[in-house]
Each structure stands twice: as structure tokens, then as C-alpha cells.
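Worksheet: one structure, shown below.
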Amino acid sequence: MSLLWGKCLDVLEGQLPSQQFNNWIRPLQVLEQDEQLRLLAPNRFVLDWVNEHFLDRILDAVSRFGDGKEWDVVVEIGAARREERPGRALDAVVPHNHRLNAEYTFSTFVEGKSNQMAKAAAFQVGGSAGAAFNPLFIYGGVGLGKTHLMHAVGHLVVQRKPSAKVVCLHSERFVSDMVKAIQQNAINDFKKFYRTADALLIDDIQFFAGKGRSQEEFFHTFNSLVEEQRQVVMTCDRYPKEISGLEDRLKSRFGWGLTVAVEPPELETRVAILQKKGAEMRAVLPNEVAVFVAKRVRSNIRELEGALRRVVANARFTGRPITLESSQDALKDFLAVQDKLVSIENIQKTVAEYYKISVLDLHCNRRTRTITRPRQLAMALAKELTHHSLPEIGDAFGGRDHTTVLHACRKIEELRVEDARIREDFLALFKAITA
Amino acid sequence: MNHDALSAGKQLPLPFLVREGVTFESYLPGPNSELMDVLRCGTEPYVYLWGSTGVGKSHLLQATCRMQPSAAYLSLGALLAYGPEVLDDLEVLDLVCLDDLEQIAGHGIWERALCDLYNRLRDSGAVLRAAGTVPPGALGLTLADLTSRLHWGPVYHVQELDDADKAKALRSKARARGLDLPEDVARYLLRRQPRDNASLFSVLDYLDQASLAAQHRLTVPFVRAVLDRS
């Protein structure tokens, strides 16, 4: 850092409340050359704020420490070049600045019953881009590995054809790029860039909802790519037809190729994910710890990884090995909060709202199908998502016997395989309760 | 506090408060030592901390900021009125600390902007520290993508100091500003004043001024008299 700016920072830090200093002054990066001090603000907002509220103080400080020279102080938007940060987006390996994440390959993807179909489809698409399933539409709840699979397709495409132009981005970036292109009168460059991709990988397309102009542009990009047998892969948090605020013609086109679901991982997969992540972190993770964490964290892989990181950090900073006891201790706050959020009452309320029945219906003795199915689902979810015993769950459903709960759990397990509607309902409720 | 009470003294203090550095050194970790080590070490790409108001979350975030030449601390509560453009392009920095996350819950445009920032920071390899009064799952966010991302790293509950540590923290803060706070006075304050850190430190500010104005050292009778007058 510039010596002059370092001195200025010292004096400004003494003058300003810490919050203001850290909010507005610390984000400024500095370039010093000859007698010019360029202060680079990360965005327009910070620039305007600094100019309006702090410029006089900055000029005072510069003149105080500037050795009597006539310093030219310029505040502008920009960023100083910085040293490479390790282990993140692997732009360098793939040409065209594609933002493929180096960590998201097929070899680092943990396969299980919940995602094997999606993985197989993605692998096939990566191996024969444009020729197999086009588009490939991967959908499922948050944090289940959709983005990982999408990036893995990109890596495989490049591996097969190193000169391939793979464009991988989040849908929000597509929108902001388009807005910038319109503002800068460069929409033709924008169109050309996207329409000449060999593979376009676009994440979270539900964020296109309600953005008419972006949908229009994406519609034409999509058509152009698919017509020329260039691969399109999309991820979304729901099935195409369920995306509200999206034009029907897009919904219909999204279903042209192959639509695959990624479901929440089952226990064995969660354990395998933890062991793989633990190995990546160079942590010795006993199997009983992996099973403990996997049993308690069920909703998504991000949460699973977060819990693991907490366990590993605890071991590293306390100097203790990872044991079941230390893991329980490290996660006690997390688990207490989770238990509070996922209660039987909460499950009953969510299920009742979903099926438009009352919570009392779940407690009463009515045996009509419209009531028994939701009741069985609520019992199965209570067993899956809480640590209550079967008798306790039975009690919470109008004093039923534990064998009734056991029967309900088995019935729902069976129906989740045989009946697509029950499977969808279970997943939607699981998502609503654990989100 | 009624600052007129100070005029009871014969000398009015100059309106300057000694600004202590918001550093890790000036933070007494008590039961939060693991969290402090994680923040100091800085190798975790993302950490979330939560706890009640006045427990020291902002202090920890700002102390973390001091460790990086290119960093920003943003209190979202203070910025809510201005719009999420303040989050634009922050991934050019090495470290971003976001405070008061509960303030944006239910503000769709902010939640999406924050989710987008999270993705950009992760892609660029920048470090993110975030804090709120409750854990991520209890923030009441409407965007599930953001909630799941906020779980994607160690989540720490910033715990209150016990009374013995609070007395230590008060005395250490007093010492940092050249004020002698005897142990019996610290215990007196803990018995008679709201015991959250923010309130205690604010009383200390007040007593500092009162002591200076009256040219009187801090004793239990003096403190009682000053606080009774306020």
C-alpha cells in the first residue's frame, strides 16, 4: 500500500466512527504514481458517498502528509490488480473466461440414489455435447448439487474438445450483461458472444421470472444454439412448467430435451459426501462422526458442508481430534436451533396448509383418504426430520399407537416409489419444512 | 443519560471521546475464543456469526476488516434506505463483512442482490463474514437460495460474557482510556445497570466524562451519585 495513503488511513481512522471508516474508507484501493493519488471505489454508490462526505477530510490528510507536494487526488470507480487467489474459479484452464469452478467435476461429485439419473444424463451430455439431450434441464431444491453437475458438464466438454467455447454463468449475470450491453449500445456483441458458444450453461433460470426483455433475448439465444446443435444446460429450483412469471414458449422449449430431478440425498450419500469433503479438508473424520452429522443435517449439501466446517474448525482451533463428543459439542447450538425450527407442530402446520385441511384433522379419528394420506405424510416427515420416538410422534397425532406411526412411515416409503404425486408432495413438504 | 448532570462539576470536558481501536486485542473473547481464532486466521472463505444485540458481533467484524488492506464493513440496517447498488462489484475486495442481516429479511430485491454478491465473492475467491441476531435459518428470508448459502460455512453463536468476564472487559476498556475502574466499582455497575455490553460500555463513556469533569476518581459513592443524578 502507498505510504502516503497508509498515513492518511491512520488519521482518518482516528477521526471517523469505526463503522463509517470501515464502510466507506477501507474499501478504497489506492494507486500512487508521480504526484497523483488515485483512490478506487468498488462501485458508483461508494464513489458518490466518499465524494460527498469524506473528500475534504481526505484532501486535508493528503496535504498534511504529502511532503509539501501538490498532490492530485482522484476518486474513481475501479479495482487495483491483485494477486491471484487460490482454489476458485478456474478461468485460466478454460479459454473464453468461462468461470467454470475447478472443484465441480464429475470426479468430485458424490453419486447416490437421489442424483444418479441426473449424473448419468449430465455425463452423457458432457461427452456428446449438442447430440444427446438438448437442452438438459436439471431441477431440484437448493444446495443439492445442480450447479456442480452443470459445471462438470462444462469441464467434460472442454476435456473432449479443448477449443470448445463453453459459457457458464448465473442467470442474473446474463441479465446484467444484457442490461450493460444495451446501455453501451453493444447488444450485437452480446448476442454474438452467447450465440456462438459451443455450450451454454446457465444456472438458476428461475431468476428470469418476470424479466420480459431478458426472457426475449434468452429465447432467441436458446433457439439459435439448439438449432445449431450447440448444447444448452439449465438448472432451476423447480420443474419448467412450475416457474411462474416465465413465458409459456420458454417453458415449453425447456422441456424439449431431457428434464432430470436432483432430490435430497439419502443418509448413505450424505455420509459419503461428508467423508469426501473431510478428505478434501485433510481432516480425519471418523465414520461415527460422519454418520452423526449426516443424520442430523438432512436438508441440503451446503448445510452439510457448513456443519462439517464447524466441526473441523473446532478440532483445529482447540487442538482436539475430531470425535463424536467434540462434534456434538461443536454443533450443539446449530442442532438446538434446528430442533426448534423443525418441530412436530411445525410439520403438522405445514402439511395442513399444503393440503388445505386443519391441524385438528390430523389429530382426529377420520379415516377418509383426503385426511389419512396427509396424516401419514406428516408422521413420516416427523420421523425423518425430528428425533422424537415413534410413541412420541403417535402422541402428537391425537394419541395414536406407535405401530400406527410405523405403518404410516412404511406406507409413505412405498408410495414414494410407486406414486409420482406422493413423491412430489413429500419433496415439496420436505423443502418447505427445512428451507 | 442526562448530560446536564455533568455541569454539576466545575470543569466541562472537551467533547472528544478517546476512540479505542476496534481490534481483536480490545475484544475479550470469553467463551468465543474459537470464533475469534477462526476470524483472525482468515482461512475460512465464509463464516456466519449470530447473537443478541450488544454481544460484540460488529466489533468482531470490524476487527476482521482491519486485518485486510482491501476490505469493507457494511451494516445493512444503515444501508437499507439506499438500495442494494451498494453491493455492486464488491468482489474486487479481498474481504467483505456484512452486519445486521436480519434487516434485509423479506426485502426481495436485497435478498437477491445479496445472493448474487455471495456467488460473485465465492467465484472471485474473496472472503465473506456475515452476522445477524439469529441463525441463518431463523432470519425469515424468502429466498431459499440465500438461506442455504448462509449455511455454507461455520456458523457461530456469539455468546454473552459471564459477569466475571464482563467486569474484566469493563476494566480493560477503562484502562485503555487511562481511567482506573476499581473492581468493586465494576461489580457495582454489573449489579445496578443493564448488563449487555453495549449498555455497560455506554455507562463507562458517561462515567469517563463525569470523572473528568469532576476531577474525581471512580469510587462506588461517586458512581452512585453520578448515576442517581442522571
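Following the order of the C-alpha cells, chains are lettered A, B, ..., residues in each are numbered from 1, and ligands are numbered from 1.
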
For the structure I just gave you, how does DSSP split region 120-263 of chain A - specifically, which residues are strand (DSSP E)? Reply as JSON, numbers by chain. {"A": [136, 137, 138, 139, 140, 166, 167, 168, 169, 170, 199, 200, 201, 202, 203, 231, 232, 233, 234, 235, 236, 258, 259, 260, 261, 262]}

Kindly provide, as an NGL selection string, the residues of chain B having any atom no farther than 7 Å from an atom of chain A, counting only C-alpha atoms. :B and (19 or 34 or 37 or 62 or 70-74 or 85-86 or 88-90 or 92-93 or 123-125 or 144-145 or 148-149 or 151-155 or 157)

Provide the CA of Leu37 (chain A) to CA of Lys69 (chain A) distance in Å, to one decimal place.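 Interatomic distance, CA of Leu37 (chain A) to CA of Lys69 (chain A): 11.8 Å.
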
Could you pull out all residues of region 277-346 of chain A with a DSSP call of helix (DSSP H, G or I) and give them as a PyMOL selection string? chain A and resi 277-280+287-296+301-318+324-330+332-341+344-346

So that I can check the surroundings of Tyr104 (chain A), please list as a PyMOL selection string every protein, DNA and RNA residue that reaches within 10 Å of it, counting only C-alpha atoms and ignoring chain neighbours fewer than 2 positions away. chain A and resi 89+100-102+106-109+145+147-155

Nearest to Ala225 (chain B) among B:Gly21, B:Glu102, B:Ala210, B:Arg112, with distances taken over only C-alpha atoms: which residue is it?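 Closest to Ala225 (chain B), using only C-alpha atoms: B:Ala210.
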
Write out as a PyMOL selection string each polymer residue whose atoms come within 7 Å of region 363-378 of chain A, counting only C-alpha atoms; drop sequence neighbours fewer than 2 positions from it. chain A and resi 347-348+351+359-361+380-382+397-398+408-409+412

Contacts of Leu143 (chain B) at 9 Å or less, counting only C-alpha atoms, minus same-chain residues fewer than 5 places along, as a ChimeraX atom specification? /B:105-106,108,111-112,115,148

Looking at only C-alpha atoms, which of B:Val220, B:Ala131, B:Leu139, B:Ala213 is the one that sits closest to Val185 (chain B)?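 Looking only at the distances to Val185 (chain B), the closest residue turns out to be B:Val220.
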
B:Gln215, B:Lys166, B:Gly30, B:Phe24: which is nearest Leu200 (chain B), counting only C-alpha atoms?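 So, comparing all the options, the nearest one is B:Lys166.
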
At a cut-off of 9 Å, using only C-alpha atoms, what residues contact Val73 (chain A)? Leave out same-chain residues fewer than 2 positions from it and give the result as a PyMOL selection string. chain A and resi 35-39+58-59+62+71+75

12 Å contact set for Glu242 (chain A), only C-alpha atoms, chain neighbours under 2 positions out, as a ChimeraX atom specification: /A:139-140,206,209,236-240,244-248,250-252,254-255

Would you export the selected residues with N, CA, C and O atoms as a short mmCIF file (atom, residue, chain, number, x, y, z; two decimals), in the first residue's frame, please?
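Listing of out.cif after writing:
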data_model
loop_
_atom_site.label_atom_id
_atom_site.label_comp_id
_atom_site.auth_asym_id
_atom_site.auth_seq_id
_atom_site.Cartn_x
_atom_site.Cartn_y
_atom_site.Cartn_z
N TYR A 139 -33.34 -29.93 -12.36
CA TYR A 139 -34.07 -29.16 -11.35
C TYR A 139 -34.08 -29.88 -10.01
O TYR A 139 -33.88 -31.10 -9.92
N GLY A 140 -34.28 -29.09 -8.96
CA GLY A 140 -34.32 -29.64 -7.61
C GLY A 140 -34.15 -28.52 -6.60
O GLY A 140 -33.89 -27.37 -6.97
N GLN A 206 -34.77 -19.79 -12.80
CA GLN A 206 -35.99 -19.24 -12.23
C GLN A 206 -35.89 -17.73 -12.02
O GLN A 206 -36.89 -17.03 -11.91
N ALA A 209 -37.73 -15.12 -14.15
CA ALA A 209 -39.16 -14.87 -13.97
C ALA A 209 -39.43 -13.37 -13.86
O ALA A 209 -38.75 -12.65 -13.14
N CYS A 236 -32.53 -25.20 -12.35
CA CYS A 236 -33.68 -24.44 -11.85
C CYS A 236 -34.12 -25.07 -10.53
O CYS A 236 -33.84 -26.25 -10.27
N ASP A 237 -34.80 -24.29 -9.70
CA ASP A 237 -35.24 -24.87 -8.43
C ASP A 237 -36.57 -25.60 -8.55
O ASP A 237 -37.08 -26.11 -7.57
N ARG A 238 -37.16 -25.60 -9.77
CA ARG A 238 -38.43 -26.32 -9.93
C ARG A 238 -38.60 -26.80 -11.38
O ARG A 238 -37.83 -26.40 -12.26
N TYR A 239 -39.61 -27.59 -11.57
CA TYR A 239 -39.93 -28.14 -12.88
C TYR A 239 -40.31 -26.99 -13.83
O TYR A 239 -40.95 -26.03 -13.38
N PRO A 240 -39.94 -27.07 -15.13
CA PRO A 240 -40.16 -25.91 -16.01
C PRO A 240 -41.58 -25.35 -15.95
O PRO A 240 -41.78 -24.13 -15.86
N SER A 244 -43.41 -19.68 -12.31
CA SER A 244 -44.36 -18.61 -12.62
C SER A 244 -43.57 -17.38 -13.08
O SER A 244 -42.44 -17.16 -12.67
N GLY A 245 -44.21 -16.60 -13.97
CA GLY A 245 -43.55 -15.40 -14.48
C GLY A 245 -42.63 -15.70 -15.65
O GLY A 245 -41.85 -14.84 -16.06
N LEU A 246 -42.71 -16.93 -16.17
CA LEU A 246 -41.88 -17.27 -17.33
C LEU A 246 -42.82 -17.53 -18.52
O LEU A 246 -43.86 -18.17 -18.37
N GLU A 247 -42.45 -17.00 -19.69
CA GLU A 247 -43.32 -17.15 -20.86
C GLU A 247 -43.54 -18.63 -21.18
O GLU A 247 -42.62 -19.44 -21.06
N ASP A 248 -44.75 -18.93 -21.65
CA ASP A 248 -45.09 -20.33 -21.94
C ASP A 248 -44.18 -20.92 -23.02
O ASP A 248 -43.81 -22.09 -22.95
N LEU A 250 -41.13 -20.37 -23.51
CA LEU A 250 -39.86 -20.79 -22.91
C LEU A 250 -40.04 -22.08 -22.12
O LEU A 250 -39.23 -23.00 -22.22
N LYS A 251 -41.12 -22.12 -21.32
CA LYS A 251 -41.38 -23.32 -20.52
C LYS A 251 -41.44 -24.54 -21.43
O LYS A 251 -40.90 -25.60 -21.12
N SER A 252 -42.14 -24.36 -22.55
CA SER A 252 -42.30 -25.50 -23.46
C SER A 252 -40.96 -25.91 -24.06
O SER A 252 -40.62 -27.09 -24.15
N PHE A 254 -38.01 -25.48 -22.79
CA PHE A 254 -37.13 -26.05 -21.78
C PHE A 254 -37.37 -27.55 -21.62
O PHE A 254 -36.50 -28.29 -21.14
N GLY A 255 -38.55 -27.99 -22.00
CA GLY A 255 -38.86 -29.41 -21.87
C GLY A 255 -38.57 -30.21 -23.13
O GLY A 255 -38.87 -31.40 -23.20
#

Could you state the separation of CA of Gln116 (chain A) and CA of Arg416 (chain A) in Å, given to one decimal place?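 The value is 16.9 Å.
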
Using Å and a single decimal, report how far CA of Ala186 (chain B) sits from CA of Leu28 (chain B).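 If I compute the distance from CA of Leu28 (chain B) to CA of Ala186 (chain B), I get 15.4 Å.
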